[in-house]
Every structure is written in structure tokens, then in C-alpha cells.
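Asks: Have a look at the structure that comes next, please.
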Amino acid sequence: MEDEDIIDVADFRNSGKSIELRPKRRGRFIPPIPEWWAIIAMALPGKAYHVGAIIWQEWEINGKRSCKLTRHVWEKFGLHRHTVHGGLKLLKEAGLIILQKSGKRSPLITIVNDESKVARVRAQKERTKGE
């Protein structure tokens, strides 16, 4: 370890200076996803969770309640359009997202971030399965 790597804490005591413990983030990150949401998405087949994680990232970046997954976004992650379509369908069926289709364009996606709403959708699906 070189002398430059050593931080003398005494220089920072009561001086109003702060120590940067973590390096500043650079680049794009997948934001935190609520555990209950992730557990449900991970139980779905295929790449549904992967599609969901990308939706969360777009949602965080855009700062809006709804977002679109354009070809540019999902190709960057190496996903095929059929994979994305299947993932969106599964996430919608699980009640984790709401899709608003607009013809052949990318659908507007809203994340359902209310565990009780998702539980109601899942319970309703279970009841219809039993009939």
C-alpha cells in the first residue's frame, strides 16, 4: 500500500471535511426492487425477472410512473423481442405490471408497486384456475 492510499482521519476531525467512503457511481445501475416483487417475478418461467429488472431501471431513469421498453433498451441487454414479449405477458398475468397497448408500438408499462393489489390479482387467478 502506498502512502497516497492511507487516509489520516485526524485531518478530518472537527474540520467540516467529509471522508468519501464509497466511490461515486458512474454508469447505469439496476435500482433496488422490492423483495416481494422480485420473489414473484423470479418464480415466473423464462426471462420474466430479467425483463422486470429492465422495467425497474427504465422507471427509475425516466422518473415517471410509466415507461416503454423500446428495441434499443432490450437489445442492449441481449434480449430477443419474443423473450421480451413473453416476459411482459407473464409479468402482466402475475399482476406485477399493467400494459397499455397502442397498436404495433411498444406498450406503456406501469409497475404495480402495491403488494395488496398483486395479491388480489394472484388470488383471482387461482380461483379461476380451480373452476
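Residue numbering restarts at 1 for every chain of the C-alpha cells, chains are lettered A, B, ... in their displayed order, and ligands are numbered from 1 as they appear.
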Give me the residues near segment 70-78 of chain A as a list in words, where near means some atom within 10 Å (using only C-alpha atoms) and where sequence neighbours in that chain fewer than 3 positions away do not count.

Replies: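 The contact residues come out as His50, Val51, Ile54, Ile55, Glu58, Cys67, Arg81, Thr83, Val84, Arg105, Ser106 and Pro107 of chain A.
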
Asks: Just want the 7 Å neighbourhood of Arg122 of chain A, counted on only C-alpha atoms, with same-chain residues fewer than 3 positions away dropped. Output as a PDB file with N, CA and C atoms, in the first residue's frame.

Replies:
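Saved file around-v6.pdb follows:
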ATOM      1  N   ALA A  94     -49.135 -12.135 -13.756  1.00  0.00           N
ATOM      2  CA  ALA A  94     -48.840 -12.230 -12.325  1.00  0.00           C
ATOM      3  C   ALA A  94     -49.317 -10.995 -11.569  1.00  0.00           C
ATOM      4  N   GLY A  95     -49.759  -9.970 -12.299  1.00  0.00           N
ATOM      5  CA  GLY A  95     -50.250  -8.750 -11.667  1.00  0.00           C
ATOM      6  C   GLY A  95     -49.159  -7.773 -11.285  1.00  0.00           C
ATOM      7  N   VAL A 118     -51.353  -6.838  -6.061  1.00  0.00           N
ATOM      8  CA  VAL A 118     -50.788  -8.027  -6.715  1.00  0.00           C
ATOM      9  C   VAL A 118     -51.374  -9.280  -6.086  1.00  0.00           C
ATOM     10  N   ALA A 119     -51.521  -9.288  -4.766  1.00  0.00           N
ATOM     11  CA  ALA A 119     -52.085 -10.452  -4.068  1.00  0.00           C
ATOM     12  C   ALA A 119     -53.520 -10.704  -4.524  1.00  0.00           C
ATOM     13  N   LYS A 125     -56.708 -15.213  -9.977  1.00  0.00           N
ATOM     14  CA  LYS A 125     -56.222 -16.188 -10.971  1.00  0.00           C
ATOM     15  C   LYS A 125     -56.313 -17.606 -10.431  1.00  0.00           C
ATOM     16  N   GLU A 126     -55.987 -17.780  -9.136  1.00  0.00           N
ATOM     17  CA  GLU A 126     -56.059 -19.103  -8.523  1.00  0.00           C
ATOM     18  C   GLU A 126     -57.501 -19.610  -8.485  1.00  0.00           C
TER      19      GLU A 126
END

Asks: I'd like the interatomic distance between atom CA of Ile111 of chain A and atom CA of Trp59 of chain A, to a tenth of an Å.

Replies: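 Rounded to one decimal, the two atoms are 8.2 Å apart.
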
Asks: Which of these residues is nearest to Lys68 of chain A, using only C-alpha atoms: A:Asn113, A:Gln100, A:Thr128, A:Pro34?

Replies: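 So, comparing all the options, the nearest one is A:Gln100.
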
Asks: When you draw a straight line from atom CA of Ile39 of chain A to atom CA of Glu60 of chain A, how long is it in Å?

Replies: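 Going from atom CA of Ile39 of chain A over to atom CA of Glu60 of chain A, I get 19.7 Å.
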
Asks: Taking only C-alpha atoms into account, name the residue in A:Arg65, A:Arg28, A:Glu93, A:Leu99 that is nearest to Gln124 of chain A.

Replies: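 Using only C-alpha atoms, Gln124 of chain A sits closest to A:Glu93.
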
Asks: As a list in words, list the residues of segment 83-118 of chain A assigned to strand (DSSP E or B) by DSSP on the backbone atoms of this structure.

Replies: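 Strand (DSSP E or B) members of segment 83-118 of chain A, listed: Ile97, Ile98, Leu99, Gln100, Leu108, Ile109, Thr110 and Ile111 of chain A.
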
Asks: In Å to one decimal, how far is atom CA of Ala48 of chain A from atom CA of Leu90 of chain A?

Replies: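 Computing it gives 6.5 Å between the two atoms.
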
Asks: So, with only C-alpha atoms as the atoms that count, which of A:Ile61, A:Gly86, A:Leu79, A:Pro31 lies closest to Pro45 of chain A?

Replies: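 Closest to Pro45 of chain A, using only C-alpha atoms: A:Gly86.
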
Asks: List the neighbours of Leu96 of chain A out to 6 Å using only C-alpha atoms; skip same-chain residues closer than 3 positions along the sequence, and give me the result as a ChimeraX atom specification.

Replies: /A:91-92,112

Asks: Please produce a file of those selected residues containing all heavy atoms, as a PDB file, in the first residue's frame.

Replies:
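Result file part.pdb:
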ATOM      1  N   LEU A  91     -45.391 -11.189 -16.607  1.00  0.00           N
ATOM      2  CA  LEU A  91     -45.428 -10.189 -15.542  1.00  0.00           C
ATOM      3  C   LEU A  91     -46.834  -9.601 -15.404  1.00  0.00           C
ATOM      4  O   LEU A  91     -47.312  -9.345 -14.295  1.00  0.00           O
ATOM      5  CB  LEU A  91     -44.402  -9.081 -15.800  1.00  0.00           C
ATOM      6  CG  LEU A  91     -42.934  -9.488 -15.682  1.00  0.00           C
ATOM      7  CD1 LEU A  91     -42.037  -8.404 -16.243  1.00  0.00           C
ATOM      8  CD2 LEU A  91     -42.567  -9.791 -14.232  1.00  0.00           C
ATOM      9  N   LYS A  92     -47.502  -9.410 -16.548  1.00  0.00           N
ATOM     10  CA  LYS A  92     -48.875  -8.888 -16.523  1.00  0.00           C
ATOM     11  C   LYS A  92     -49.817  -9.904 -15.890  1.00  0.00           C
ATOM     12  O   LYS A  92     -50.647  -9.564 -15.042  1.00  0.00           O
ATOM     13  CB  LYS A  92     -49.340  -8.557 -17.936  1.00  0.00           C
ATOM     14  CG  LYS A  92     -50.757  -8.035 -17.982  1.00  0.00           C
ATOM     15  CD  LYS A  92     -51.222  -7.811 -19.393  1.00  0.00           C
ATOM     16  CE  LYS A  92     -52.685  -7.392 -19.380  1.00  0.00           C
ATOM     17  NZ  LYS A  92     -53.297  -7.512 -20.674  1.00  0.00           N
ATOM     18  N   VAL A 112     -46.764  -2.256 -10.879  1.00  0.00           N
ATOM     19  CA  VAL A 112     -47.676  -2.328  -9.734  1.00  0.00           C
ATOM     20  C   VAL A 112     -46.791  -2.478  -8.499  1.00  0.00           C
ATOM     21  O   VAL A 112     -46.183  -3.518  -8.287  1.00  0.00           O
ATOM     22  CB  VAL A 112     -48.666  -3.507  -9.868  1.00  0.00           C
ATOM     23  CG1 VAL A 112     -49.563  -3.582  -8.638  1.00  0.00           C
ATOM     24  CG2 VAL A 112     -49.495  -3.364 -11.131  1.00  0.00           C
TER      25      VAL A 112
END
